[in-house]
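Reproduced below: target_33.txt, with compact mmCIF, C-alpha atoms.
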# COMPACT_ATOMS: atom_id res chain seq x y z
CA MET A 1 120.70 66.28 -169.64
CA SER A 2 121.93 68.97 -167.26
CA LYS A 3 120.46 72.42 -166.83
CA ALA A 4 122.14 75.60 -165.61
CA SER A 5 121.18 79.25 -165.50
CA TRP A 6 122.73 82.55 -164.58
CA PRO A 7 120.91 85.78 -163.69
CA CYS A 8 121.51 89.39 -164.59
CA PRO A 9 122.34 91.81 -161.75
CA ALA A 10 119.50 93.80 -160.26
CA GLY A 11 118.66 96.87 -162.30
CA THR A 12 119.79 95.35 -165.59
CA GLU A 13 118.00 93.50 -168.37
CA LEU A 14 118.95 90.27 -170.08
CA THR A 15 119.90 90.61 -173.74
CA GLY A 16 121.38 87.17 -174.34
CA GLY A 17 123.61 84.44 -173.10
CA GLY A 18 125.13 81.11 -173.91
CA ALA A 19 127.48 78.42 -172.75
CA LEU A 20 130.84 76.74 -173.17
CA THR A 21 132.22 73.48 -171.80
CA ASN A 22 135.74 72.34 -171.00
CA SER A 23 135.36 69.29 -173.24
CA LEU A 24 136.50 68.72 -176.81
CA ASN A 25 134.27 65.67 -177.14
CA PRO A 26 131.75 66.05 -180.02
CA HIS A 27 129.26 64.00 -177.97
CA VAL A 28 128.68 67.01 -175.68
CA SER A 29 125.93 69.20 -177.16
CA LEU A 30 123.64 72.02 -176.28
CA THR A 31 120.02 70.91 -176.17
CA ASP A 32 118.58 74.36 -175.77
CA ASP A 33 119.60 77.93 -174.98
CA TYR A 34 117.00 80.50 -173.91
CA PRO A 35 115.90 83.30 -171.56
CA SER A 36 113.85 82.70 -168.43
CA GLY A 37 112.87 85.82 -166.54
CA ASN A 38 116.06 87.80 -166.10
CA ALA A 39 118.34 84.73 -166.37
CA TRP A 40 119.87 82.78 -169.23
CA VAL A 41 119.24 79.02 -169.23
CA VAL A 42 121.06 76.22 -171.05
CA ASP A 43 120.75 72.44 -171.13
CA TYR A 44 123.64 70.21 -172.15
CA ASN A 45 123.63 66.59 -173.21
CA ASN A 46 126.79 64.84 -172.11
CA GLU A 47 127.07 61.56 -173.99
CA SER A 48 130.81 61.34 -173.45
CA ASN A 49 132.32 59.07 -170.82
CA GLN A 50 133.63 61.86 -168.59
CA THR A 51 132.30 64.56 -166.34
CA VAL A 52 132.52 67.89 -168.11
CA TYR A 53 132.00 71.41 -166.84
CA MET A 54 129.79 73.94 -168.49
CA TYR A 55 130.01 77.70 -168.11
CA THR A 56 126.69 79.44 -168.50
CA ALA A 57 126.87 83.10 -169.44
CA ALA A 58 124.35 85.91 -169.26
CA VAL A 59 124.74 89.20 -171.13
CA CYS A 60 123.03 92.09 -169.40
CA SER A 61 122.41 95.77 -170.08
CA SER A 62 121.02 98.86 -168.46
CA PRO A 63 117.28 99.18 -169.21
CA ILE A 64 116.42 99.27 -172.91
CA ALA A 65 113.46 101.17 -174.39
CA GLY A 66 110.79 98.87 -175.77
CA TYR A 67 112.36 95.86 -174.08
CA ALA A 68 110.29 92.70 -174.34
CA VAL A 69 110.93 88.98 -174.03
CA ASP A 70 108.60 87.06 -176.34
CA GLU A 71 107.95 83.32 -176.41
CA GLY A 72 106.60 81.72 -179.57
CA SER A 73 103.94 79.06 -179.78
CA GLN A 74 105.11 75.54 -179.24
CA LEU A 75 106.15 73.60 -182.34
CA ARG A 76 106.70 69.89 -182.72
CA VAL A 77 110.02 68.57 -183.97
CA ALA A 78 109.21 65.24 -185.55
CA ALA A 79 111.27 62.16 -184.85
CA GLY A 80 114.24 61.67 -187.10
CA VAL A 81 114.32 65.14 -188.65
CA GLY A 82 115.29 68.73 -187.93
CA THR A 83 112.85 71.58 -187.42
CA THR A 84 113.27 75.34 -187.80
CA ALA A 85 111.68 77.58 -185.15
CA SER A 86 111.81 81.34 -185.69
CA LEU A 87 110.30 84.35 -183.99
CA ARG A 88 110.21 87.98 -185.16
CA CYS A 89 110.06 91.13 -183.04
CA PRO A 90 106.90 93.23 -183.28
CA GLY A 91 106.75 96.54 -185.13
CA ALA A 92 110.05 98.30 -185.69
CA GLU A 93 111.84 96.64 -182.80
CA VAL A 94 115.03 94.68 -183.35
CA ALA A 95 116.17 91.36 -181.95
CA LEU A 96 118.66 91.80 -179.13
CA GLY A 97 118.89 88.06 -178.60
CA GLY A 98 116.96 84.85 -178.77
CA GLY A 99 117.00 81.14 -178.32
CA LEU A 100 115.07 77.90 -178.11
CA GLU A 101 113.53 75.87 -175.27
CA VAL A 102 112.95 72.14 -175.69
CA ASN A 103 110.70 69.93 -173.56
CA THR A 104 112.48 66.60 -173.85
CA LEU A 105 115.18 64.92 -171.77
CA ASN A 106 116.27 62.66 -174.62
CA PRO A 107 120.03 63.05 -175.27
CA ASN A 108 119.54 62.62 -179.01
CA VAL A 109 117.63 65.89 -179.33
CA ASN A 110 120.13 68.70 -179.83
CA LEU A 111 120.45 72.28 -180.95
CA GLY A 112 121.51 72.40 -184.60
CA ALA A 113 121.62 76.19 -184.91
CA THR A 114 120.59 79.36 -183.09
CA ALA A 115 121.29 82.80 -184.50
CA PRO A 116 119.91 86.25 -185.29
CA GLU A 117 118.22 86.72 -188.62
CA ALA A 118 120.41 88.75 -190.97
CA ASP A 119 117.98 91.69 -191.02
CA GLY A 120 118.09 91.92 -187.22
CA LEU A 121 114.33 91.62 -186.84
CA GLY A 122 114.10 88.08 -185.50
CA TRP A 123 115.81 84.97 -184.24
CA THR A 124 115.99 81.53 -185.90
CA ASN A 125 116.76 78.14 -184.38
CA TYR A 126 117.13 74.64 -185.78
CA GLU A 127 116.59 71.62 -183.55
CA VAL A 128 117.57 68.08 -184.57
CA ASP A 129 115.69 65.07 -183.23
CA GLY A 130 117.58 61.81 -183.64
CA THR A 131 115.01 59.84 -181.68
CA THR A 132 111.87 57.91 -182.56
CA ALA A 133 109.64 60.33 -180.64
CA ALA A 134 108.54 63.89 -181.36
CA ALA A 135 109.50 66.72 -179.02
CA GLY A 136 108.06 70.15 -178.32
CA LEU A 137 110.03 73.34 -178.71
CA ASN A 138 109.42 77.04 -178.15
CA PRO A 139 111.41 79.83 -179.85
CA TRP A 140 112.22 82.96 -177.87
CA VAL A 141 113.25 86.44 -178.94
CA LEU A 142 114.34 89.45 -176.86
CA CYS A 143 113.39 92.74 -178.50
CA GLY A 144 114.12 96.41 -178.05
CA SER A 145 114.04 99.78 -179.74
CA VAL A 146 117.02 100.91 -181.74
CA SER A 147 118.34 104.44 -182.04
CA THR A 148 119.08 105.78 -185.50
CA ALA A 149 121.15 108.66 -184.14
CA SER A 150 124.85 108.59 -184.93
CA PRO A 151 126.93 107.68 -181.90
CA ALA A 152 129.36 110.25 -180.60
CA ALA A 153 133.03 109.76 -181.25
CA PRO A 154 135.08 108.69 -178.23
CA ALA A 155 136.98 111.37 -176.36
CA SER A 156 140.60 111.53 -177.41
CA MET B 157 140.55 76.48 -158.83
CA ARG B 158 137.60 76.89 -161.13
CA ILE B 159 139.23 79.69 -163.05
CA HIS B 160 142.50 77.77 -163.31
CA SER B 161 140.89 74.58 -164.60
CA ARG B 162 138.83 76.47 -167.12
CA LEU B 163 141.76 78.44 -168.44
CA ILE B 164 143.64 75.18 -169.00
CA ALA B 165 140.69 73.81 -170.92
CA LEU B 166 140.22 76.94 -172.94
CA ALA B 167 143.90 77.17 -173.77
CA THR B 168 143.63 73.62 -175.04
CA ILE B 169 140.79 74.40 -177.40
CA GLY B 170 142.32 77.66 -178.47
CA VAL B 171 139.58 80.07 -177.53
CA ALA B 172 139.37 82.60 -174.78
CA ALA B 173 137.06 82.51 -171.81
CA CYS B 174 133.31 82.62 -172.35
CA ALA B 175 133.18 85.58 -170.02
CA LEU B 176 135.10 86.43 -166.94
CA LEU B 177 133.98 84.33 -164.01
CA THR B 178 132.11 86.87 -162.02
CA THR B 179 129.32 87.10 -159.54
CA PRO B 180 126.24 89.15 -160.32
CA ALA B 181 126.63 92.57 -158.81
CA LEU B 182 124.65 93.42 -155.73
CA ALA B 183 121.77 95.79 -156.20
CA SER B 184 123.11 99.27 -156.51
CA SER B 185 121.97 102.01 -154.19
CA THR B 186 121.79 104.38 -157.14
CA ALA B 187 118.61 104.74 -159.16
CA THR B 188 118.17 102.54 -162.20
CA PRO B 189 118.68 104.64 -165.33
CA ALA B 190 115.71 105.35 -167.55
CA PRO B 191 115.34 102.97 -170.50
CA SER B 192 117.17 104.07 -173.62
CA SER B 193 117.19 102.84 -177.20
CA VAL B 194 120.02 100.65 -178.40
CA SER B 195 122.72 102.57 -180.29
CA GLY B 196 125.12 101.24 -182.87
CA TYR B 197 123.02 98.13 -183.54
CA LEU B 198 124.62 95.75 -186.03
CA VAL B 199 124.29 92.04 -186.85
CA VAL B 200 127.61 90.51 -187.95
CA ASN B 201 128.72 87.04 -188.99
CA SER B 202 131.99 85.24 -189.53
CA ALA B 203 133.29 83.77 -192.73
CA PRO B 204 132.40 80.06 -193.07
CA VAL B 205 134.44 77.92 -190.65
CA ASP B 206 135.50 74.43 -191.76
CA SER B 207 134.25 71.47 -189.73
CA THR B 208 135.63 67.99 -190.39
CA SER B 209 134.04 64.79 -189.07
CA PRO B 210 134.33 63.69 -186.38
CA SER B 211 135.36 66.90 -184.66
CA LEU B 212 134.45 69.84 -182.50
CA ALA B 213 135.52 73.06 -184.24
CA PHE B 214 135.41 76.65 -183.00
CA GLY B 215 135.01 80.01 -184.66
CA THR B 216 134.57 83.60 -183.56
CA VAL B 217 133.14 86.84 -184.84
CA THR B 218 134.12 90.28 -183.54
CA CYS B 219 131.88 93.26 -182.98
CA PRO B 220 133.47 96.13 -184.93
CA PRO B 221 133.61 99.68 -183.62
CA THR B 222 131.30 102.24 -185.19
CA SER B 223 132.51 104.43 -188.03
CA THR B 224 133.34 107.07 -185.44
CA GLY B 225 135.38 104.66 -183.32
CA VAL B 226 132.90 103.86 -180.57
CA ALA B 227 133.33 100.31 -179.29
CA ARG B 228 130.56 97.77 -179.72
CA GLU B 229 129.95 94.67 -177.55
CA PRO B 230 127.83 91.58 -178.24
CA LEU B 231 124.28 91.47 -176.86
CA ASN B 232 123.88 87.86 -177.97
CA GLY B 233 125.08 85.59 -180.74
CA GLY B 234 124.85 82.15 -182.17
CA VAL B 235 125.87 79.52 -184.67
CA THR B 236 124.41 78.28 -187.96
CA SER B 237 125.57 75.25 -189.90
CA ALA B 238 125.52 74.42 -193.60
CA SER B 239 124.60 70.85 -192.66
CA HIS B 240 121.15 69.66 -191.63
CA SER B 241 122.46 66.30 -190.41
CA LEU B 242 120.99 65.01 -187.16
CA LEU B 243 124.59 64.39 -186.07
CA VAL B 244 125.69 68.03 -186.34
CA SER B 245 124.97 70.12 -183.24
CA VAL B 246 125.97 73.25 -181.41
CA ASN B 247 128.52 72.72 -178.64
CA THR B 248 129.36 76.33 -177.78
CA SER B 249 127.71 79.73 -178.12
CA CYS B 250 128.99 82.36 -175.72
CA PRO B 251 130.37 85.88 -175.36
CA ASP B 252 134.06 86.67 -174.93
CA GLY B 253 134.66 90.39 -174.58
CA ASN B 254 133.81 92.02 -177.91
CA GLN B 255 133.59 88.61 -179.64
CA TRP B 256 131.09 85.79 -179.85
CA VAL B 257 132.48 82.23 -179.77
CA GLY B 258 130.74 79.37 -181.55
CA GLY B 259 131.56 75.68 -181.53
CA LEU B 260 130.06 72.94 -183.70
CA ASN B 261 130.04 69.18 -183.15
CA ASN B 262 130.23 67.23 -186.40
CA ARG B 263 129.66 63.46 -186.16
CA SER B 264 127.92 63.25 -189.55
CA GLY B 265 130.75 61.54 -191.41
CA ALA B 266 131.01 64.42 -193.89
CA PRO B 267 132.74 67.79 -193.74
CA THR B 268 130.63 70.91 -193.42
CA THR B 269 130.99 74.60 -192.57
CA PHE B 270 129.42 76.80 -189.95
CA THR B 271 129.01 80.51 -189.28
CA VAL B 272 129.24 82.42 -186.01
CA TRP B 273 126.86 85.35 -185.52
CA ALA B 274 126.71 88.28 -183.10
CA VAL B 275 124.24 91.06 -182.37
CA CYS B 276 126.43 94.06 -181.59
CA ALA B 277 125.69 97.45 -180.05
CA ILE B 278 127.30 100.25 -178.09
CA PRO B 279 127.10 98.93 -174.52
CA GLY B 280 124.86 100.72 -172.05
CA SER B 281 126.11 101.71 -168.62
CA GLY B 282 125.00 98.45 -167.02
CA TYR B 283 126.50 96.15 -169.65
CA THR B 284 127.97 92.96 -168.16
CA GLN B 285 128.98 89.47 -169.21
CA ALA B 286 128.95 86.99 -166.35
CA ASP B 287 128.93 83.22 -166.06
CA THR B 288 128.85 80.31 -163.68
CA GLU B 289 130.28 76.78 -163.69
CA THR B 290 128.27 73.55 -163.44
CA GLY B 291 129.48 69.94 -163.61
CA ILE B 292 127.75 67.46 -165.95
CA PRO B 293 128.39 63.79 -165.11
CA PRO B 294 128.56 61.20 -167.90
CA PRO B 295 125.43 59.08 -168.52
CA LYS B 296 126.53 56.06 -166.47
CA GLU B 297 126.91 58.25 -163.37
CA ARG B 298 123.50 59.88 -163.59
Take the structure in this file and express it as structure tokens.
Amino acid sequence: MSKASWPCPAGTELTGGGALTNSLNPHVSLTDDYPSGNAWVVDYNNESNQTVYMYTAAVCSSPIAGYAVDEGSQLRVAAGVGTTASLRCPGAEVALGGGLEVNTLNPNVNLGATAPEADGLGWTNYEVDGTTAAAGLNPWVLCGSVSTASPAAPAS
Amino acid sequence: MRIHSRLIALATIGVAACALLTTPALASSTATPAPSSVSGYLVVNSAPVDSTSPSLAFGTVTCPPTSTGVAREPLNGGVTSASHSLLVSVNTSCPDGNQWVGGLNNRSGAPTTFTVWAVCAIPGSGYTQADTETGIPPPKER
């Protein structure tokens, strides 16, 4: 498993991130995908027979009111199954981004899904464990306040 | 060289760059703006994307402008799959301009579908998408 991260510029806040590789091999998978401080972190499993290159992206913004990065309690993903790990934002805040951190190096533990909840109030992940051992995982969500004011039309 | 090799790879798979290969900006000498609430917030998702087995398939979802024509950009995004197979996994989840790109590995032996998601908003003044490149050797070389 290989880890990479990329930080946001000074004066900005992390809202999300992700990764891409240059490989079409379906044996190259994301293990996890999550915030750490002001950087975005990913881990890839490369079970192909070639070196591949991953491109780790961070999405950053000027400071956001109510900004918070929350980590959920650790869950166990049992061997041989998939486990859902979700985290909601507190109060009326919305999910800007989110992800999942896994504590195993086993290449048969992979990210099955990571996405915002449809109502925008949380983030849900699904981790698959194709091993004979359980693994620990922590969901993350990045939250902020949303404006209900109508945005101005662009200048013509 | 890095940009060239990546563009070849991305042209091969038919999707655009994750984000322009950039270096984080140096700290600005101007004051950091006061925090502001997110405007134009919207969660969007793609139509279901077909995934055969074995394959790596890609899909995208675009952040739409607001009803008054103000552009939105993705704050984050992701991928969900209709399959719960242990052999279906996320390969790609990354920004590309006003889109989010998702890629799904399917080694389950059965077709499935997946959906690409994005959290969209009107970008603040400091909005950036930046990325870096890292090599991952195959197992026998680690």
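Ranking A:Asn45, A:Thr31, A:Thr51, A:Asn38 by their shortest atom-to-atom distance to chain B, with all atoms listed in the file included, puts A:Thr51 first.
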Kindly give the distance, in Å, that separates atom CA of A:Leu137 and atom CA of A:Gly112, rounded to a single decimal.
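Those two atoms sit 12.9 Å apart.
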Within 7 Å of A:Leu96, counting all atoms listed in the file, which residues show up once you throw out same-chain ones fewer than 3 positions away? Write them as a ChimeraX atom specification, please.
/A:15,142-144 /B:231-232,275
Using only C-alpha atoms, pick whichever of A:Gly82, A:Ala115, A:Pro139, A:Pro90 has the shortest atom-to-atom distance to B:His240.
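Nearest candidate to B:His240 out of A:Gly82, A:Ala115, A:Pro139, A:Pro90: A:Gly82.
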Which value, in Å to one decimal, gives the distance between atom CA of A:Asn106 and atom CA of B:Asn261?
17.5 Å
List as number ranges by chain the protein and nucleic acid residues near A:Thr114, meaning an atom at most 10 Å away when all atoms listed in the file are counted, but skip any in the same chain fewer than 4 places from it.
A: 32-34, 84-86, 97-100, 123-127, 139; B: 233-237, 246, 249, 272-273
Could you pull the residues within 7 Å of B:Trp256, counting only C-alpha atoms, minus those fewer than 3 positions along the same chain, as number ranges by chain?
B: 216-218, 230, 233, 250-252, 274
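Shortest atom-to-atom contact with A:Gln50 among A:Ser73, A:Thr12, A:Ser62, A:Ser23: A:Ser23, counting all atoms listed in the file.
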Nearest residue to B:Asn262 from the set B:Glu229, B:Ser193, B:Ala238, B:Gly280 (distances using only C-alpha atoms):
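With only C-alpha atoms as the atom set, the closest residue is B:Ala238.
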Two-atom distance - atom CA of B:Gly259, atom CA of A:Val52 (Å)
15.5 Å
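Residue nearest A:Thr148 within the list A:Ala92, A:Gly17, A:Asp70, A:Tyr53: A:Ala92 [criterion: smallest interatomic distance, all atoms listed in the file].
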Which of these residues is nearest to chain A, using only C-alpha atoms: B:Ser207, B:Ser192, B:Ser241, B:Thr271?
B:Ser192
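Residue neighbourhood of A:Ser48, excluding near-sequence residues (fewer than 4 positions): A:Asn25, A:Pro26, A:His27, A:Val28, A:Val52, B:Pro294, B:Pro295, at 9 Å, using all atoms listed in the file.
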Select all residues near (117.5, 85.0, -168.2) (cut-off 6 Å, inclusive, file coordinates), counting all atoms listed in the file, and output them as a PyMOL selection string.
chain A and resi 7+14+35-40
